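Data first, discussion second: the structure below is written as structure tokens.
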Amino acid sequence: MSINTEFTGALQAELDQLKADRVYKQLNHLESPQAARVQMEGRGEVVILSSNNYLGLSNEPSVVEAGIDALRQFGAGTASVRFICGTFTVHRDLEEAIARFVGTEASLSYVSAWNANEALTSTIVESGDFVVSDELNHASIIDSVRLAKAIKKCTTAVYKHGDLDDLRAKLAANRGARRKIIWTDGVFSMEGSIAKLPEIAQIARDEGAIVAMDDSHATGVLGETGRGTAEHFGMLGEVDIITSTLGKALGGAAGGFIAASSALVDMMTQRSRPQLFSNALPPTVAASSLQAIRFAEQHPERVRQLRENARYFREAITEAGFSPLAGETPIVPIIVGETAKAIEMSNRLLDEGVFVTGFGFPVVPHGQARVRCQLSAAHTREDMDFALAAFRKVGRALGVI
Ligand SMILES: *Cc1c(COP(=O)(O)O)cnc(C)c1O
């Protein structure tokens, strides 16, 4: 007996088409930890400008040590789901720290932010409820809403990106709904823009709705001390539900969470299917993330450094003749036009020793393909200047500047 070669042949034909369309993703393999500079297999040292390691904590010695200690104390993992026999004290400690950090009563960890988002919507809505989501929300939110619609028969809508009138209109058209959820990213990852949280919260108040905000690109990044979009706007404690990742600024390992009232968190513990039927975060990861939060709390200067690096890079790249999207986050998208050009630029930058990814259609609209730079507190002036020189050289060669 052999495997179904008709099936694998059909898959291969689709993959070949992706290559022909020049949208096939090549994976680059790294031989060293995430940092401002990494060792890339077959290339040597490159400067990374496309990592979510915003605070430089993924290779912070105390974060690594905490994981090693937890491996010794708790072993490899939970060997069960949370409520059966899979909760360690480090999970509770982590969840208390998360809640303290983002300014909510309680929190619950998941194996990823994707998982946390997927869990949320369908657990808290029923038929007759209404969910409205920003059109540029992360894929995990889109899928979470689709899942809720499929299994709970709630009504759903998408509002134009950041368009408060559209949001208001969609809510007004669904005033009869029992429960109304507004889903937004805190920071939109392809644009580097920040949600209009004060207005969204006001609209929610006016319409009796609930705000669910995914702060994955904001946790550890926005606000004076990195506590996220709520801190940025002076609104700590004023967001109903915050979801976020532990896989970006907070150590970069993996994992995500839902932070909210104790009641919501308890309900997720009781009812959300990824909690009930899937293992918890490995204790190594929980301990590293816990240490990452403690480190962030003790080192607000890292957040200041991140902000300073983003400001420096944004100004310098503009001076070099590029047109980055305006903004104040460490995400600096440089619009170059067609998809092929963004990919070509990314490839040539890698040849110059700068690892930064190009994004095109369908991830972003036609004609707005971009090379998305992400700054880290770990970048030195030298790292950034090295990258800027490469951008100038490649930008000229491709006629972008
Ligand atoms: C990265 C990201 C996620 C996914 O995070 P994981 O923990 O890797 O699953 C979810 N939402 C947003 C907005 C993100 O940027």
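Residues in the structure tokens are named by chain (A, B, ... in the order shown) and by number from 1 within that chain; ligands are numbered from 1 in the order shown.
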| request: Please return as a PyMOL selection string: the residues of range 24-207 of chain A that backbone DSSP assigns to alpha helix (DSSP H). | output: chain A and resi 61-74+82-85+89-102+113-124+139-152+164-172+197-207
| field | Cut-off 10 Å, only C-alpha atoms and all ligand atoms, neighbours of ligand 1 as a PyMOL selection string | value | chain A and resi 52+110-118+136-141+184-190+213-218+243-248+252-257
| task | Considering only C-alpha atoms, return as number ranges by chain whatever protein or nucleic-acid residues lie within 8 Å of Arg302 in chain A, sequence-local ones (same chain, fewer than 5 positions apart) excluded. | result | A: 55, 296, 377
Apply DSSP to the backbone of this structure and, from range 104-247 of chain A, keep only the residues in strand (DSSP E); write these as a PDB file with C-alpha atoms, in the first residue's frame.
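Heads up, here's the output in part_30.pdb:
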ATOM      1  CA  ALA A 106      -7.521  38.506  36.313  1.00  0.00           C
ATOM      2  CA  SER A 107      -6.068  36.673  33.330  1.00  0.00           C
ATOM      3  CA  LEU A 108      -5.918  33.220  31.807  1.00  0.00           C
ATOM      4  CA  SER A 109      -3.045  31.875  29.709  1.00  0.00           C
ATOM      5  CA  TYR A 110      -3.386  29.921  26.476  1.00  0.00           C
ATOM      6  CA  PHE A 130     -23.795  40.761  17.638  1.00  0.00           C
ATOM      7  CA  VAL A 131     -20.049  40.888  16.932  1.00  0.00           C
ATOM      8  CA  VAL A 132     -18.465  43.720  14.974  1.00  0.00           C
ATOM      9  CA  SER A 133     -14.817  43.621  13.937  1.00  0.00           C
ATOM     10  CA  ASP A 134     -12.358  46.089  12.346  1.00  0.00           C
ATOM     11  CA  THR A 155     -24.803  38.065  13.824  1.00  0.00           C
ATOM     12  CA  THR A 156     -21.499  39.510  12.658  1.00  0.00           C
ATOM     13  CA  ALA A 157     -20.273  42.535  10.737  1.00  0.00           C
ATOM     14  CA  VAL A 158     -17.000  44.139   9.718  1.00  0.00           C
ATOM     15  CA  TYR A 159     -16.468  47.886  10.012  1.00  0.00           C
ATOM     16  CA  LYS A 180     -22.704  43.301  21.477  1.00  0.00           C
ATOM     17  CA  ILE A 181     -18.934  42.777  21.112  1.00  0.00           C
ATOM     18  CA  ILE A 182     -16.527  45.199  19.415  1.00  0.00           C
ATOM     19  CA  TRP A 183     -13.275  43.497  18.378  1.00  0.00           C
ATOM     20  CA  THR A 184     -10.197  45.575  17.594  1.00  0.00           C
ATOM     21  CA  ASP A 185      -6.460  45.186  17.436  1.00  0.00           C
ATOM     22  CA  VAL A 187      -1.908  48.094  17.220  1.00  0.00           C
ATOM     23  CA  PHE A 188      -2.557  47.060  13.624  1.00  0.00           C
ATOM     24  CA  SER A 193      -1.341  52.294  13.574  1.00  0.00           C
ATOM     25  CA  ILE A 194      -3.020  52.481  16.979  1.00  0.00           C
ATOM     26  CA  ILE A 210     -18.238  45.193  25.192  1.00  0.00           C
ATOM     27  CA  VAL A 211     -14.727  46.009  23.918  1.00  0.00           C
ATOM     28  CA  ALA A 212     -12.361  43.135  23.159  1.00  0.00           C
ATOM     29  CA  MET A 213      -8.906  44.370  22.194  1.00  0.00           C
ATOM     30  CA  ASP A 214      -6.002  42.271  20.927  1.00  0.00           C
ATOM     31  CA  ILE A 241     -11.279  42.334  27.565  1.00  0.00           C
ATOM     32  CA  ILE A 242      -7.617  42.408  26.525  1.00  0.00           C
ATOM     33  CA  THR A 243      -6.051  39.530  24.655  1.00  0.00           C
ATOM     34  CA  SER A 244      -2.377  39.412  23.809  1.00  0.00           C
ATOM     35  CA  THR A 245       0.635  37.256  23.120  1.00  0.00           C
TER      36      THR A 245
END
Compile the contact shell of Arg179 in chain A as a compact mmCIF listing (two decimals) with N, CA, C and O atoms, in the first residue's frame: residues with an atom at most 9 Å away, counting only C-alpha atoms, same-chain residues fewer than 4 positions apart removed.
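Contents of selection02.txt, as written:
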# COMPACT_ATOMS: atom_id res chain seq x y z
N ILE A 124 -18.37 33.52 24.60
CA ILE A 124 -19.15 34.58 25.26
C ILE A 124 -20.38 35.04 24.47
O ILE A 124 -21.09 35.92 24.93
N VAL A 125 -20.61 34.48 23.28
CA VAL A 125 -21.83 34.88 22.55
C VAL A 125 -22.79 33.72 22.38
O VAL A 125 -22.41 32.55 22.48
N GLU A 126 -24.05 34.10 22.14
CA GLU A 126 -25.10 33.13 21.82
C GLU A 126 -25.82 33.65 20.58
O GLU A 126 -25.60 34.77 20.14
N GLY A 128 -28.43 35.56 18.62
CA GLY A 128 -29.07 36.80 19.04
C GLY A 128 -28.07 37.85 19.49
O GLY A 128 -28.43 39.00 19.75
N ASP A 129 -26.80 37.48 19.58
CA ASP A 129 -25.77 38.43 19.92
C ASP A 129 -25.14 39.00 18.63
O ASP A 129 -25.36 38.47 17.55
N PHE A 130 -24.36 40.07 18.80
CA PHE A 130 -23.79 40.76 17.64
C PHE A 130 -22.30 41.02 17.86
O PHE A 130 -21.90 41.52 18.90
N VAL A 131 -21.49 40.67 16.86
CA VAL A 131 -20.05 40.89 16.93
C VAL A 131 -19.62 41.75 15.76
O VAL A 131 -19.94 41.44 14.61
N GLY A 208 -23.96 50.18 24.86
CA GLY A 208 -24.05 49.01 25.76
C GLY A 208 -23.26 47.82 25.24
O GLY A 208 -23.64 46.66 25.45
N ALA A 209 -22.15 48.10 24.55
CA ALA A 209 -21.35 47.02 23.96
C ALA A 209 -20.13 46.70 24.83
O ALA A 209 -19.85 47.40 25.81
N ILE A 210 -19.42 45.67 24.46
CA ILE A 210 -18.24 45.19 25.19
C ILE A 210 -17.04 45.33 24.26
O ILE A 210 -17.13 44.94 23.09
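The residue that comes closest to Gly67 in chain A, out of A:Ser289, A:Ser122, A:Ser262, A:Thr318 and on the basis of only C-alpha atoms, is A:Ser289.
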| said: Please list as a list in words every residue within 9 Å of Thr357 in chain A, counting only C-alpha atoms and excluding residues in the same chain fewer than 5 positions away. | reply: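 What passes the distance filter is Leu49, Ser50, Ala342, Ile343, Met345, Ser346, Asn347, Arg370, Val371, Arg372 and Cys373 of chain A.
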| query | Skipping near chain neighbours, those fewer than 2 positions away, what residues fall within 10 Å of Phe101 in chain A using only C-alpha atoms, listed as a count of residues only? | reply | 19
| A:Gly399, A:Met267, A:Ala70, A:Glu308 ranked by distance to Leu120 in chain A, top pick (using only C-alpha atoms) |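 For Leu120 in chain A, the nearest of the candidates is A:Met267.
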| One-decimal distance in Å that lies between CA of Leu281 in chain A and CA of His91 in chain A | 7.9 Å
| request: For range 28-35 of chain A, please output as a PyMOL selection string all residues within 7 Å (counting only C-alpha atoms; exclusion window: fewer than 4 positions along the same chain). | output: chain A and resi 39-41+56+58-59+378
| field | Between CA of Asn53 in chain A and CA of Leu250 in chain A - distance in Å to one decimal | value |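 Straight-line distance from CA of Leu250 in chain A to CA of Asn53 in chain A works out to 7.9 Å.
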